[in-house]
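To be precise, the following lines are model.cif, and they hold mmCIF, C-alpha atoms.
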data_run
#
loop_
_atom_site.label_atom_id
_atom_site.label_comp_id
_atom_site.auth_asym_id
_atom_site.auth_seq_id
_atom_site.Cartn_x
_atom_site.Cartn_y
_atom_site.Cartn_z
CA MET A 1 -2.24 -20.21 -30.03
CA ALA A 2 -5.12 -22.67 -29.46
CA GLY A 3 -6.83 -20.05 -27.31
CA THR A 4 -6.49 -17.45 -30.04
CA ILE A 5 -7.94 -19.80 -32.63
CA LEU A 6 -10.86 -20.70 -30.38
CA LEU A 7 -11.47 -17.05 -29.60
CA SER A 8 -11.46 -16.21 -33.32
CA PHE A 9 -13.90 -19.05 -33.96
CA LEU A 10 -16.25 -17.80 -31.26
CA LEU A 11 -16.07 -14.26 -32.60
CA PHE A 12 -16.90 -15.69 -36.04
CA LEU A 13 -19.89 -17.53 -34.54
CA CYS A 14 -21.02 -14.27 -32.98
CA SER A 15 -20.87 -12.48 -36.33
CA VAL A 16 -22.74 -15.33 -38.07
CA SER A 17 -25.34 -15.26 -35.33
CA SER A 18 -25.73 -11.49 -35.69
CA ASP A 19 -26.28 -11.85 -39.43
CA ALA A 20 -28.78 -14.67 -39.10
CA GLY A 21 -31.67 -12.47 -40.25
CA GLU A 22 -35.17 -13.49 -39.25
CA GLU A 23 -34.60 -15.86 -36.35
CA ALA A 24 -36.41 -15.14 -33.10
CA GLU A 25 -34.99 -12.01 -31.53
CA SER A 26 -35.05 -13.27 -27.94
CA SER A 27 -33.30 -16.52 -28.85
CA ARG A 28 -30.59 -14.68 -30.77
CA ASP A 29 -30.06 -12.22 -27.96
CA SER A 30 -29.72 -15.10 -25.56
CA THR A 31 -27.23 -16.90 -27.82
CA ASP A 32 -25.23 -13.71 -28.36
CA ALA A 33 -25.16 -12.98 -24.67
CA GLY A 34 -23.98 -16.51 -23.93
CA LEU A 35 -21.25 -16.35 -26.53
CA LEU A 36 -20.25 -12.89 -25.45
CA SER A 37 -20.04 -14.03 -21.85
CA LEU A 38 -17.92 -17.02 -22.89
CA ILE A 39 -15.61 -14.77 -24.89
CA MET A 40 -15.32 -12.32 -22.01
CA ASN A 41 -14.43 -15.16 -19.64
CA MET A 42 -11.92 -16.58 -22.09
CA SER A 43 -10.34 -13.19 -22.66
CA ALA A 44 -9.95 -12.71 -18.93
CA GLY A 45 -7.97 -15.94 -18.58
CA ASP A 46 -6.40 -15.94 -22.01
CA ALA A 47 -3.11 -14.46 -20.90
CA ARG A 48 -2.06 -17.66 -19.16
CA LEU A 49 -3.61 -20.47 -21.20
CA TRP A 50 -0.14 -21.94 -21.64
CA ALA A 51 0.52 -22.10 -17.90
CA LYS A 52 -0.67 -24.48 -15.22
CA PRO A 53 -4.30 -23.83 -14.29
CA ILE A 54 -5.57 -22.11 -11.20
CA GLU A 55 -7.43 -24.71 -9.14
CA HIS A 56 -10.38 -24.55 -6.84
CA ILE A 57 -9.58 -26.90 -3.99
CA ASN A 58 -11.48 -29.08 -1.58
CA LEU A 59 -11.16 -26.87 1.47
CA ASP A 60 -12.52 -29.53 3.84
CA ARG A 61 -9.69 -31.88 2.92
CA ILE A 62 -7.13 -29.11 3.24
CA LEU A 63 -8.46 -28.22 6.69
CA GLU A 64 -8.18 -31.88 7.72
CA LEU A 65 -4.56 -31.97 6.58
CA LYS A 66 -3.89 -28.73 8.40
CA GLN A 67 -5.18 -30.38 11.60
CA THR A 68 -2.71 -33.23 11.14
CA GLY A 69 0.16 -30.80 10.54
CA LEU A 70 0.93 -32.05 7.04
CA ILE A 71 0.26 -28.61 5.61
CA THR A 72 0.40 -25.11 7.06
CA PHE A 73 -1.61 -21.93 6.74
CA HIS A 74 1.35 -19.60 7.03
CA GLU A 75 0.51 -16.03 6.08
CA ALA A 76 2.00 -15.29 2.68
CA ASP A 77 3.63 -12.07 1.59
CA TRP A 78 3.43 -10.36 -1.78
CA TYR A 79 -0.27 -10.32 -2.49
CA SER A 80 -3.05 -7.77 -2.48
CA VAL A 81 -6.75 -8.02 -1.70
CA ILE A 82 -8.88 -7.09 -4.69
CA ASP A 83 -11.40 -4.32 -4.14
CA ASP A 84 -14.27 -4.90 -6.55
CA GLU A 85 -15.17 -1.25 -6.52
CA MET B 86 -17.29 -4.05 -1.77
CA MET B 87 -14.66 -6.73 -1.12
CA SER B 88 -15.00 -10.10 -2.82
CA ASN B 89 -12.21 -11.62 -0.76
CA SER B 90 -10.34 -12.27 -3.99
CA VAL B 91 -6.61 -11.73 -3.88
CA GLN B 92 -3.87 -11.27 -6.41
CA CYS B 93 -0.55 -12.95 -5.74
CA VAL B 94 2.27 -10.75 -7.04
CA LEU B 95 5.11 -13.09 -6.14
CA CYS B 96 5.73 -14.31 -9.67
CA PRO B 97 4.90 -13.08 -13.18
CA HIS B 98 1.79 -15.26 -13.37
CA LEU B 99 0.05 -12.71 -11.11
CA CYS B 100 -2.65 -15.24 -10.21
CA THR B 101 -5.99 -13.72 -9.24
CA LEU B 102 -7.56 -16.09 -6.74
CA ALA B 103 -11.11 -16.31 -5.46
CA PRO B 104 -11.53 -17.79 -1.98
CA GLY B 105 -10.73 -21.50 -2.11
CA GLU B 106 -8.49 -21.18 -5.14
CA ARG B 107 -4.77 -21.74 -5.20
CA GLY B 108 -2.22 -20.34 -7.57
CA ARG B 109 -0.51 -22.02 -10.47
CA CYS B 110 2.29 -23.00 -8.10
CA GLY B 111 -0.15 -25.24 -6.24
CA VAL B 112 1.02 -24.12 -2.80
CA ARG B 113 -0.46 -20.65 -2.22
CA LEU B 114 -4.12 -20.64 -1.30
CA ASN B 115 -6.72 -17.92 -0.81
CA VAL B 116 -8.45 -18.58 2.52
CA ASP B 117 -11.25 -16.05 2.95
CA GLY B 118 -9.26 -13.20 1.49
CA GLU B 119 -5.93 -14.09 3.04
CA LEU B 120 -3.21 -15.71 0.98
CA VAL B 121 -1.48 -18.51 2.85
CA SER B 122 1.48 -20.75 2.11
CA LEU B 123 0.63 -24.42 2.50
CA VAL B 124 4.26 -25.52 2.70
CA TYR B 125 5.99 -23.24 5.19
CA GLY B 126 8.25 -25.42 7.35
CA ARG B 127 7.20 -28.55 5.47
CA PRO B 128 10.05 -29.63 3.18
CA VAL B 129 9.58 -32.83 1.20
CA ALA B 130 13.31 -33.17 0.55
CA ALA B 131 16.22 -32.51 2.91
CA ASN B 132 19.64 -33.80 1.89
CA ILE B 133 23.33 -33.08 2.18
CA ASP B 134 24.85 -32.48 -1.25
CA PRO B 135 28.22 -31.30 -2.49
CA VAL B 136 27.99 -27.74 -3.78
CA GLU B 137 29.08 -29.06 -7.19
CA LYS B 138 25.72 -30.80 -7.50
CA LYS B 139 23.75 -27.53 -7.57
CA PRO B 140 25.78 -27.00 -9.84
CA LEU B 141 28.08 -24.27 -8.52
CA PHE B 142 31.69 -24.69 -9.63
CA HIS B 143 33.05 -21.31 -8.53
CA PHE B 144 31.55 -21.08 -5.06
CA MET B 145 33.48 -22.61 -2.14
CA PRO B 146 34.40 -25.85 -3.96
CA GLY B 147 33.95 -29.06 -2.05
CA ILE B 148 31.68 -27.80 0.71
CA ASP B 149 28.64 -29.73 1.89
CA VAL B 150 25.32 -28.02 1.42
CA PHE B 151 22.15 -28.70 3.40
CA SER B 152 19.56 -28.80 0.63
CA ILE B 153 15.84 -28.40 1.09
CA ALA B 154 12.70 -28.21 -1.04
CA THR B 155 8.97 -28.14 -0.51
CA ALA B 156 6.36 -29.33 -2.97
CA GLY B 157 5.37 -27.03 -5.82
CA CYS B 158 6.61 -25.09 -8.80
CA ASN B 159 5.23 -22.18 -10.81
CA LEU B 160 6.42 -23.73 -14.08
CA ARG B 161 5.43 -27.06 -15.64
CA CYS B 162 8.52 -28.06 -17.63
CA GLU B 163 7.81 -31.18 -19.61
CA PHE B 164 11.33 -32.46 -18.96
CA CYS B 165 11.33 -31.80 -15.21
CA GLN B 166 13.85 -34.02 -13.42
CA ASN B 167 12.11 -33.63 -10.04
CA TRP B 168 8.51 -33.72 -11.22
CA GLU B 169 7.39 -36.10 -8.47
CA ILE B 170 7.75 -33.27 -5.97
CA SER B 171 7.79 -30.13 -8.12
CA GLN B 172 4.53 -30.92 -9.88
CA ALA B 173 2.93 -32.35 -6.76
CA VAL B 174 0.46 -30.49 -4.58
CA PRO B 175 1.12 -30.49 -0.82
CA GLU B 176 -1.68 -32.92 -0.02
CA ASP B 177 -0.09 -35.58 -2.23
CA VAL B 178 3.30 -35.75 -0.52
CA THR B 179 4.47 -36.44 3.02
CA PRO B 180 6.67 -33.65 4.33
CA TYR B 181 9.05 -33.24 7.23
CA ASP B 182 8.14 -30.84 9.99
CA MET B 183 11.17 -28.54 9.93
CA SER B 184 11.02 -24.96 11.13
CA PRO B 185 13.61 -22.48 9.88
CA GLU B 186 15.36 -22.84 13.24
CA ALA B 187 15.49 -26.61 12.73
CA VAL B 188 16.95 -26.14 9.24
CA ILE B 189 19.81 -24.10 10.71
CA GLU B 190 20.34 -26.66 13.49
CA ASN B 191 20.53 -29.45 10.94
CA ALA B 192 22.96 -27.55 8.74
CA LEU B 193 25.23 -26.91 11.72
CA ALA B 194 24.90 -30.48 13.03
CA TYR B 195 26.01 -31.89 9.67
CA ASN B 196 28.82 -29.34 9.24
CA CYS B 197 27.24 -27.81 6.17
CA GLN B 198 28.67 -24.42 5.29
CA ALA B 199 25.71 -23.49 3.16
CA ILE B 200 21.99 -24.10 2.76
CA ALA B 201 20.52 -24.53 -0.71
CA TYR B 202 16.90 -23.84 -1.59
CA THR B 203 16.65 -26.19 -4.49
CA TYR B 204 15.21 -29.30 -6.24
CA THR B 205 11.75 -27.81 -6.85
CA GLU B 206 11.31 -24.01 -6.99
CA PRO B 207 12.23 -21.90 -3.97
CA VAL B 208 10.24 -18.99 -5.37
CA VAL B 209 7.00 -20.76 -4.44
CA PHE B 210 8.15 -21.36 -0.86
CA PHE B 211 9.31 -17.78 -0.72
CA GLU B 212 8.57 -17.04 2.97
CA TYR B 213 10.24 -20.25 4.15
CA THR B 214 13.30 -19.58 1.98
CA ARG B 215 13.60 -16.01 3.22
CA ASP B 216 13.20 -16.88 6.90
CA CYS B 217 15.69 -19.75 6.70
CA ALA B 218 18.13 -17.56 4.81
CA ARG B 219 17.84 -14.76 7.33
CA LEU B 220 18.64 -17.11 10.21
CA ALA B 221 21.42 -18.78 8.24
CA ARG B 222 23.08 -15.45 7.53
CA ALA B 223 23.00 -14.64 11.24
CA ALA B 224 24.55 -18.05 12.00
CA GLY B 225 27.37 -17.55 9.49
CA ILE B 226 25.99 -20.08 7.01
CA LYS B 227 25.89 -19.23 3.30
CA ASN B 228 22.69 -19.30 1.26
CA ILE B 229 22.31 -20.73 -2.23
CA LEU B 230 19.31 -20.24 -4.48
CA VAL B 231 18.77 -22.81 -7.22
CA THR B 232 15.94 -21.44 -9.28
CA ALA B 233 14.25 -21.11 -12.63
CA GLY B 234 14.13 -17.40 -11.92
CA TYR B 235 10.41 -16.91 -12.60
CA ILE B 236 9.82 -14.27 -9.97
CA ASN B 237 8.89 -10.60 -9.83
CA PRO B 238 11.53 -7.97 -9.05
CA GLY B 239 10.26 -6.99 -5.58
CA PRO B 240 10.30 -10.43 -4.00
CA LEU B 241 13.54 -11.23 -5.79
CA SER B 242 15.17 -8.21 -4.25
CA GLU B 243 14.01 -9.35 -0.82
CA LEU B 244 15.52 -12.81 -1.34
CA ALA B 245 18.72 -11.51 -2.91
CA GLU B 246 19.49 -9.61 0.26
CA TYR B 247 20.25 -12.93 1.97
CA MET B 248 21.64 -14.97 -0.92
CA ASP B 249 25.34 -15.58 -1.44
CA ALA B 250 25.13 -17.62 -4.62
CA ALA B 251 22.58 -18.70 -7.18
CA ASN B 252 22.31 -21.07 -10.05
CA VAL B 253 19.63 -19.90 -12.44
CA ASP B 254 18.19 -22.33 -14.94
CA LEU B 255 17.96 -20.57 -18.29
CA LYS B 256 15.90 -23.14 -20.13
CA SER B 257 16.04 -21.51 -23.54
CA ILE B 258 16.61 -18.15 -25.12
CA THR B 259 13.21 -18.18 -26.85
CA ASP B 260 9.90 -17.11 -25.38
CA THR B 261 8.11 -19.73 -27.47
CA TYR B 262 10.00 -22.51 -25.71
CA TYR B 263 9.19 -21.05 -22.31
CA ARG B 264 5.48 -20.90 -23.12
CA ASN B 265 5.14 -24.22 -24.92
CA ILE B 266 7.45 -26.41 -22.87
CA CYS B 267 7.67 -24.71 -19.48
CA GLY B 268 4.44 -22.77 -18.97
CA GLY B 269 6.24 -19.49 -18.38
CA THR B 270 7.85 -16.62 -20.24
CA LEU B 271 11.46 -15.73 -20.94
CA ARG B 272 11.81 -12.04 -20.03
CA PRO B 273 11.38 -12.37 -16.24
CA VAL B 274 14.07 -15.05 -16.14
CA LEU B 275 16.58 -12.87 -17.96
CA ASP B 276 15.75 -10.02 -15.60
CA THR B 277 16.30 -12.31 -12.61
CA ILE B 278 19.77 -13.27 -13.81
CA THR B 279 20.93 -9.70 -14.31
CA SER B 280 19.24 -8.52 -11.13
CA LEU B 281 20.93 -11.18 -8.99
CA LYS B 282 24.24 -10.34 -10.61
CA ASP B 283 23.72 -6.63 -9.92
CA SER B 284 22.84 -7.46 -6.31
CA GLY B 285 26.27 -8.95 -5.76
CA VAL B 286 25.09 -12.56 -5.63
CA TRP B 287 27.51 -15.02 -7.21
CA VAL B 288 25.61 -16.32 -10.26
CA GLU B 289 26.08 -19.37 -12.44
CA VAL B 290 23.72 -20.30 -15.28
CA THR B 291 22.53 -23.73 -16.36
CA ASN B 292 20.98 -24.67 -19.68
CA LEU B 293 19.46 -28.12 -20.17
CA ILE B 294 19.85 -29.08 -23.81
CA VAL B 295 16.86 -31.13 -24.93
CA PRO B 296 17.11 -32.98 -28.26
CA THR B 297 14.91 -31.52 -31.01
CA LEU B 298 13.49 -28.81 -28.71
CA ASN B 299 16.37 -26.43 -27.97
CA ASP B 300 19.46 -28.11 -29.39
CA GLU B 301 19.91 -26.09 -32.58
CA PRO B 302 23.43 -24.60 -32.61
CA ASP B 303 22.08 -21.13 -33.45
CA GLU B 304 19.76 -21.17 -30.47
CA ILE B 305 22.46 -22.43 -28.11
CA ASP B 306 24.84 -19.79 -29.42
CA SER B 307 22.25 -17.06 -28.89
CA LEU B 308 21.84 -18.17 -25.29
CA ALA B 309 25.59 -18.17 -24.69
CA ARG B 310 25.83 -14.77 -26.36
CA TRP B 311 23.17 -13.39 -24.05
CA VAL B 312 25.05 -14.70 -21.00
CA LEU B 313 28.29 -13.18 -22.26
CA ASP B 314 26.81 -9.81 -23.20
CA ASN B 315 24.65 -9.38 -20.12
CA THR B 316 26.58 -11.01 -17.30
CA GLY B 317 30.16 -10.97 -18.53
CA GLU B 318 32.83 -13.42 -19.60
CA ASP B 319 33.39 -14.74 -16.08
CA THR B 320 29.88 -16.10 -15.50
CA PRO B 321 30.06 -19.91 -15.51
CA LEU B 322 27.66 -21.53 -17.97
CA HIS B 323 26.70 -25.19 -17.48
CA PHE B 324 25.30 -27.13 -20.40
CA SER B 325 23.41 -30.02 -18.91
CA ARG B 326 22.51 -33.33 -20.49
CA PHE B 327 18.84 -34.24 -20.80
CA PHE B 328 17.63 -37.71 -19.88
CA PRO B 329 14.12 -38.89 -20.80
CA MET B 330 11.84 -37.86 -17.95
CA TYR B 331 8.30 -36.86 -17.00
CA ARG B 332 6.42 -36.00 -20.20
CA LEU B 333 9.39 -36.32 -22.55
CA THR B 334 10.16 -40.00 -22.25
CA ASP B 335 10.03 -40.41 -26.02
CA LEU B 336 13.13 -38.30 -26.59
CA PRO B 337 16.68 -39.68 -26.46
CA PRO B 338 19.34 -38.36 -24.08
CA THR B 339 21.28 -35.40 -25.41
CA ALA B 340 24.14 -36.49 -27.65
CA ILE B 341 27.57 -35.95 -26.12
CA ASP B 342 28.72 -34.27 -29.35
CA THR B 343 25.93 -31.70 -29.00
CA LEU B 344 27.07 -30.83 -25.47
CA GLN B 345 30.73 -30.69 -26.40
CA GLY B 346 29.99 -28.57 -29.45
CA ALA B 347 27.94 -26.15 -27.36
CA ARG B 348 30.76 -25.86 -24.84
CA GLU B 349 33.44 -25.29 -27.46
CA ARG B 350 31.45 -22.62 -29.30
CA ALA B 351 30.58 -20.79 -26.08
CA LYS B 352 34.25 -20.73 -25.11
CA ASP B 353 35.26 -19.57 -28.58
CA MET B 354 32.68 -16.82 -28.20
CA GLY B 355 34.51 -15.53 -25.15
CA LEU B 356 32.99 -17.15 -22.07
CA HIS B 357 35.81 -18.23 -19.77
CA TYR B 358 34.09 -21.03 -17.89
CA VAL B 359 31.78 -23.40 -19.72
CA TYR B 360 30.95 -26.83 -18.32
CA VAL B 361 29.07 -29.96 -19.29
CA GLY B 362 26.90 -31.63 -16.67
CA ASN B 363 25.21 -35.04 -16.39
CA ALA B 364 27.71 -36.48 -18.86
CA VAL B 365 31.24 -37.82 -18.95
CA THR B 366 33.41 -35.65 -21.18
CA SER B 367 37.12 -34.96 -21.21
CA GLU B 368 36.97 -31.23 -20.41
CA GLY B 369 33.42 -30.65 -19.25
CA LEU B 370 34.20 -30.74 -15.53
CA ILE B 371 37.55 -28.97 -15.63
CA THR B 372 38.15 -25.33 -14.75
CA ARG B 373 41.13 -23.89 -16.60
CA CYS B 374 42.85 -20.58 -16.13
CA PRO B 375 41.59 -18.25 -18.86
CA GLU B 376 45.08 -16.70 -19.04
CA CYS B 377 47.60 -19.56 -19.02
CA GLY B 378 45.28 -22.51 -19.70
CA GLU B 379 46.52 -24.60 -16.79
CA ILE B 380 44.07 -26.80 -14.88
CA LEU B 381 42.70 -24.98 -11.85
CA ILE B 382 40.10 -27.45 -10.64
CA ALA B 383 39.64 -31.00 -11.88
CA ARG B 384 36.47 -32.79 -10.83
CA GLN B 385 35.31 -36.39 -11.01
CA GLY B 386 31.57 -36.37 -10.75
CA TYR B 387 30.93 -34.14 -7.76
CA THR B 388 34.33 -34.78 -6.20
CA ILE B 389 37.27 -32.39 -6.40
CA ARG B 390 40.34 -34.27 -7.65
CA GLU B 391 42.66 -31.29 -7.88
CA ASN B 392 42.44 -27.65 -6.82
CA ASN B 393 45.19 -25.28 -7.87
CA ILE B 394 43.50 -22.02 -6.92
CA LEU B 395 45.55 -20.17 -4.33
CA ASN B 396 43.88 -17.26 -2.54
CA GLY B 397 41.53 -16.84 -5.48
CA ASN B 398 44.35 -16.78 -8.04
CA CYS B 399 45.69 -19.22 -10.58
CA GLY B 400 48.37 -21.31 -8.86
CA ASN B 401 50.47 -21.12 -12.01
CA CYS B 402 50.28 -17.54 -13.30
CA SER B 403 48.51 -15.73 -10.42
CA THR B 404 45.64 -14.48 -12.59
CA PRO B 405 42.61 -13.70 -10.38
CA ILE B 406 39.89 -16.30 -10.93
CA ALA B 407 36.27 -15.21 -10.69
CA GLY B 408 34.32 -16.85 -7.90
CA VAL B 409 33.98 -17.16 -4.14
CA TRP B 410 36.78 -19.44 -3.08
CA ASP B 411 36.74 -19.33 0.68
CA GLU B 412 35.19 -17.44 3.56
CA MET B 413 38.32 -15.39 4.21
CA GLU B 414 37.98 -13.63 0.87
CA GLU B 415 34.58 -12.13 1.57
#
Go ahead and render the structure in this file as structure tokens.
Amino acid sequence: MAGTILLSFLLFLCSVSSDAGEEAESSRDSTDAGLLSLIMNMSAGDARLWAKPIEHINLDRILELKQTGLITFHEADWYSVIDDE
Amino acid sequence: MMSNSVQCVLCPHLCTLAPGERGRCGVRLNVDGELVSLVYGRPVAANIDPVEKKPLFHFMPGIDVFSIATAGCNLRCEFCQNWEISQAVPEDVTPYDMSPEAVIENALAYNCQAIAYTYTEPVVFFEYTRDCARLARAAGIKNILVTAGYINPGPLSELAEYMDAANVDLKSITDTYYRNICGGTLRPVLDTITSLKDSGVWVEVTNLIVPTLNDEPDEIDSLARWVLDNTGEDTPLHFSRFFPMYRLTDLPPTAIDTLQGARERAKDMGLHYVYVGNAVTSEGLITRCPECGEILIARQGYTIRENNILNGNCGNCSTPIAGVWDEMEE
């Protein structure tokens, strides 16, 4: 719900920005592009805003723990590699 | 061009992970385009419990169960009773080093007739659960899955092949509750329950009743109705008492009247076996024959005080009683 409201607000900002009339074209384009990018990023993650976040981890620390045996790097099943093309 | 990103399809979150990112479960990490489990063979809990503690009331009553869990969970329930390990990441806890072979050896050494994958969420230690279960099956040991059921159909089917019994936590019958309180969604959980049942796994369902959040009689009745309509009158339903925990320390424990009322209405609706857990009530731990009403199993806490089931039938009127009562019956 919060994500939807924020998204709506950003879309509103975009429309206000687009209607702003005589402001410098390059500045407006830059603002629009920034907002659009933010919206695109939000939309991509929006489906799971209510869930726990995906985390980027400190790989060095994880590798240290792997060396001590406290964690494993056991090959997981049930995943696919994403082909960008 | 490959970005080395991966998508985990184990659970309905379907986490897309760039290298160095781990999923919402906290235990599955993308290392240069390969997804790895950080907790395989590293349980943080290993105990011997009575099967009644799972809770399973219709599966080999009185047996000891070797019970294991690793860190991690794909949900984030605000009432979690095991949050210290379920909401922990592997680097914050100290695990045992216990290979699947060692799990089986321990179960045999302690005369446990079953192994339970429990406490946190066995879905997130999927490979460890499956490999232990495969070895256990070969060794003649039963397998028990205690789960929130937030898993995709493919992996579930792979696990179900080795499972003998499951207790699935149905936290609510509303999707809103799942999203707001648990960080998940309802539909996959319902699908898990019916799928396990269809796979021939003995299934019992638990519902934790949390004051003000899911304790409205209409909501409880809808949940019981779903269990009845989709799994049948013989599926045991356990209403469990909430105690203030984790992020819900400002709520009171569930009122006994609420639990008793839920049980009575679910029985009136047509469910044969409805229990009350985490609370002392007069009938909440008793199994009665649905035909003659005589006491079949009386429990005190997790201890069996009386068992009048003979060869899977009521000792009084010989009505067959749903469940798995001993190895000879299978």
Please write as a PDB file with C-alpha atoms, keeping the file's coordinate frame the full residue list that the PyMOL selection byres ((chain A) within 7 of (chain B)) yields on this file.
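Contents of result-v9.pdb, freshly written:
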ATOM      1  CA  TRP A  50      -0.140 -21.940 -21.640  1.00  0.00           C
ATOM      2  CA  ALA A  51       0.520 -22.100 -17.900  1.00  0.00           C
ATOM      3  CA  LYS A  52      -0.670 -24.480 -15.220  1.00  0.00           C
ATOM      4  CA  PRO A  53      -4.300 -23.830 -14.290  1.00  0.00           C
ATOM      5  CA  ILE A  54      -5.570 -22.110 -11.200  1.00  0.00           C
ATOM      6  CA  GLU A  55      -7.430 -24.710  -9.140  1.00  0.00           C
ATOM      7  CA  HIS A  56     -10.380 -24.550  -6.840  1.00  0.00           C
ATOM      8  CA  ILE A  57      -9.580 -26.900  -3.990  1.00  0.00           C
ATOM      9  CA  LEU A  59     -11.160 -26.870   1.470  1.00  0.00           C
ATOM     10  CA  LEU A  70       0.930 -32.050   7.040  1.00  0.00           C
ATOM     11  CA  ILE A  71       0.260 -28.610   5.610  1.00  0.00           C
ATOM     12  CA  THR A  72       0.400 -25.110   7.060  1.00  0.00           C
ATOM     13  CA  PHE A  73      -1.610 -21.930   6.740  1.00  0.00           C
ATOM     14  CA  HIS A  74       1.350 -19.600   7.030  1.00  0.00           C
ATOM     15  CA  GLU A  75       0.510 -16.030   6.080  1.00  0.00           C
ATOM     16  CA  ALA A  76       2.000 -15.290   2.680  1.00  0.00           C
ATOM     17  CA  TRP A  78       3.430 -10.360  -1.780  1.00  0.00           C
ATOM     18  CA  TYR A  79      -0.270 -10.320  -2.490  1.00  0.00           C
ATOM     19  CA  SER A  80      -3.050  -7.770  -2.480  1.00  0.00           C
ATOM     20  CA  VAL A  81      -6.750  -8.020  -1.700  1.00  0.00           C
ATOM     21  CA  ILE A  82      -8.880  -7.090  -4.690  1.00  0.00           C
ATOM     22  CA  ASP A  83     -11.400  -4.320  -4.140  1.00  0.00           C
ATOM     23  CA  ASP A  84     -14.270  -4.900  -6.550  1.00  0.00           C
ATOM     24  CA  GLU A  85     -15.170  -1.250  -6.520  1.00  0.00           C
TER      25      GLU A  85
END
- Task: Please check which residues have atoms at most 8 Å from (30.3, -31.9, -8.3) in the file's coordinates, counting all atoms listed in the file, and write them as a PyMOL selection string.
- Result: chain B and resi 135-142+147+384-389
Produce a file of the selected residues containing C-alpha atoms, as a CSV table (one decimal), in the coordinates of the input.
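Resulting contents of again_4.csv:
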chain,number,residue,atom,x,y,z
B,135,PRO,CA,28.2,-31.3,-2.5
B,136,VAL,CA,28.0,-27.7,-3.8
B,137,GLU,CA,29.1,-29.1,-7.2
B,138,LYS,CA,25.7,-30.8,-7.5
B,139,LYS,CA,23.8,-27.5,-7.6
B,140,PRO,CA,25.8,-27.0,-9.8
B,141,LEU,CA,28.1,-24.3,-8.5
B,142,PHE,CA,31.7,-24.7,-9.6
B,147,GLY,CA,34.0,-29.1,-2.0
B,384,ARG,CA,36.5,-32.8,-10.8
B,385,GLN,CA,35.3,-36.4,-11.0
B,386,GLY,CA,31.6,-36.4,-10.8
B,387,TYR,CA,30.9,-34.1,-7.8
B,388,THR,CA,34.3,-34.8,-6.2
B,389,ILE,CA,37.3,-32.4,-6.4
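By all atoms listed in the file, and with residues fewer than 2 positions from Ala383 of chain B along its chain excluded, the set lying at most 8 Å from it is Leu370, Ile371, Thr372, Ile380, Leu381, Gln385, Ile389, Arg390, Glu391 and Asn392 of chain B.
Straight-line separation from atom CA of Tyr235 of chain B to atom CA of Leu63 of chain A: 29.3 Å.
When atom CA of Ala194 of chain B is paired with atom CA of Asp411 of chain B, their separation reads 20.4 Å.
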- Note on the structure: From atom CA of Glu376 of chain B to atom CA of Asn401 of chain B the spacing works out at 9.9 Å
Pull N, CA, C and O atoms for segment 337-345 of chain B from the block and write them as a short mmCIF file (atom, residue, chain, number, x, y, z; two decimals), in the first residue's frame.
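Saved the output as selection25.cif:
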data_model
loop_
_atom_site.label_atom_id
_atom_site.label_comp_id
_atom_site.auth_asym_id
_atom_site.auth_seq_id
_atom_site.Cartn_x
_atom_site.Cartn_y
_atom_site.Cartn_z
N PRO B 337 -1.62 -9.15 24.30
CA PRO B 337 -1.77 -10.14 25.38
C PRO B 337 -1.79 -11.55 24.80
O PRO B 337 -2.00 -11.73 23.60
N PRO B 338 -1.59 -12.56 25.64
CA PRO B 338 -1.78 -13.94 25.16
C PRO B 338 -3.23 -14.14 24.72
O PRO B 338 -4.13 -13.43 25.17
N THR B 339 -3.43 -15.10 23.83
CA THR B 339 -4.79 -15.39 23.36
C THR B 339 -5.65 -15.85 24.54
O THR B 339 -5.23 -16.68 25.34
N ALA B 340 -6.85 -15.32 24.60
CA ALA B 340 -7.78 -15.72 25.67
C ALA B 340 -8.18 -17.18 25.48
O ALA B 340 -8.43 -17.61 24.34
N ILE B 341 -8.26 -17.90 26.59
CA ILE B 341 -8.65 -19.32 26.53
C ILE B 341 -10.03 -19.47 25.90
O ILE B 341 -10.28 -20.38 25.11
N ASP B 342 -10.93 -18.55 26.24
CA ASP B 342 -12.29 -18.62 25.67
C ASP B 342 -12.27 -18.53 24.14
O ASP B 342 -13.08 -19.18 23.47
N THR B 343 -11.36 -17.72 23.62
CA THR B 343 -11.26 -17.58 22.15
C THR B 343 -10.86 -18.92 21.53
O THR B 343 -11.42 -19.35 20.52
N LEU B 344 -9.89 -19.59 22.16
CA LEU B 344 -9.41 -20.87 21.65
C LEU B 344 -10.49 -21.94 21.76
O LEU B 344 -10.72 -22.72 20.82
N GLN B 345 -11.15 -21.97 22.91
CA GLN B 345 -12.19 -22.98 23.10
C GLN B 345 -13.36 -22.75 22.16
O GLN B 345 -13.93 -23.69 21.60
#
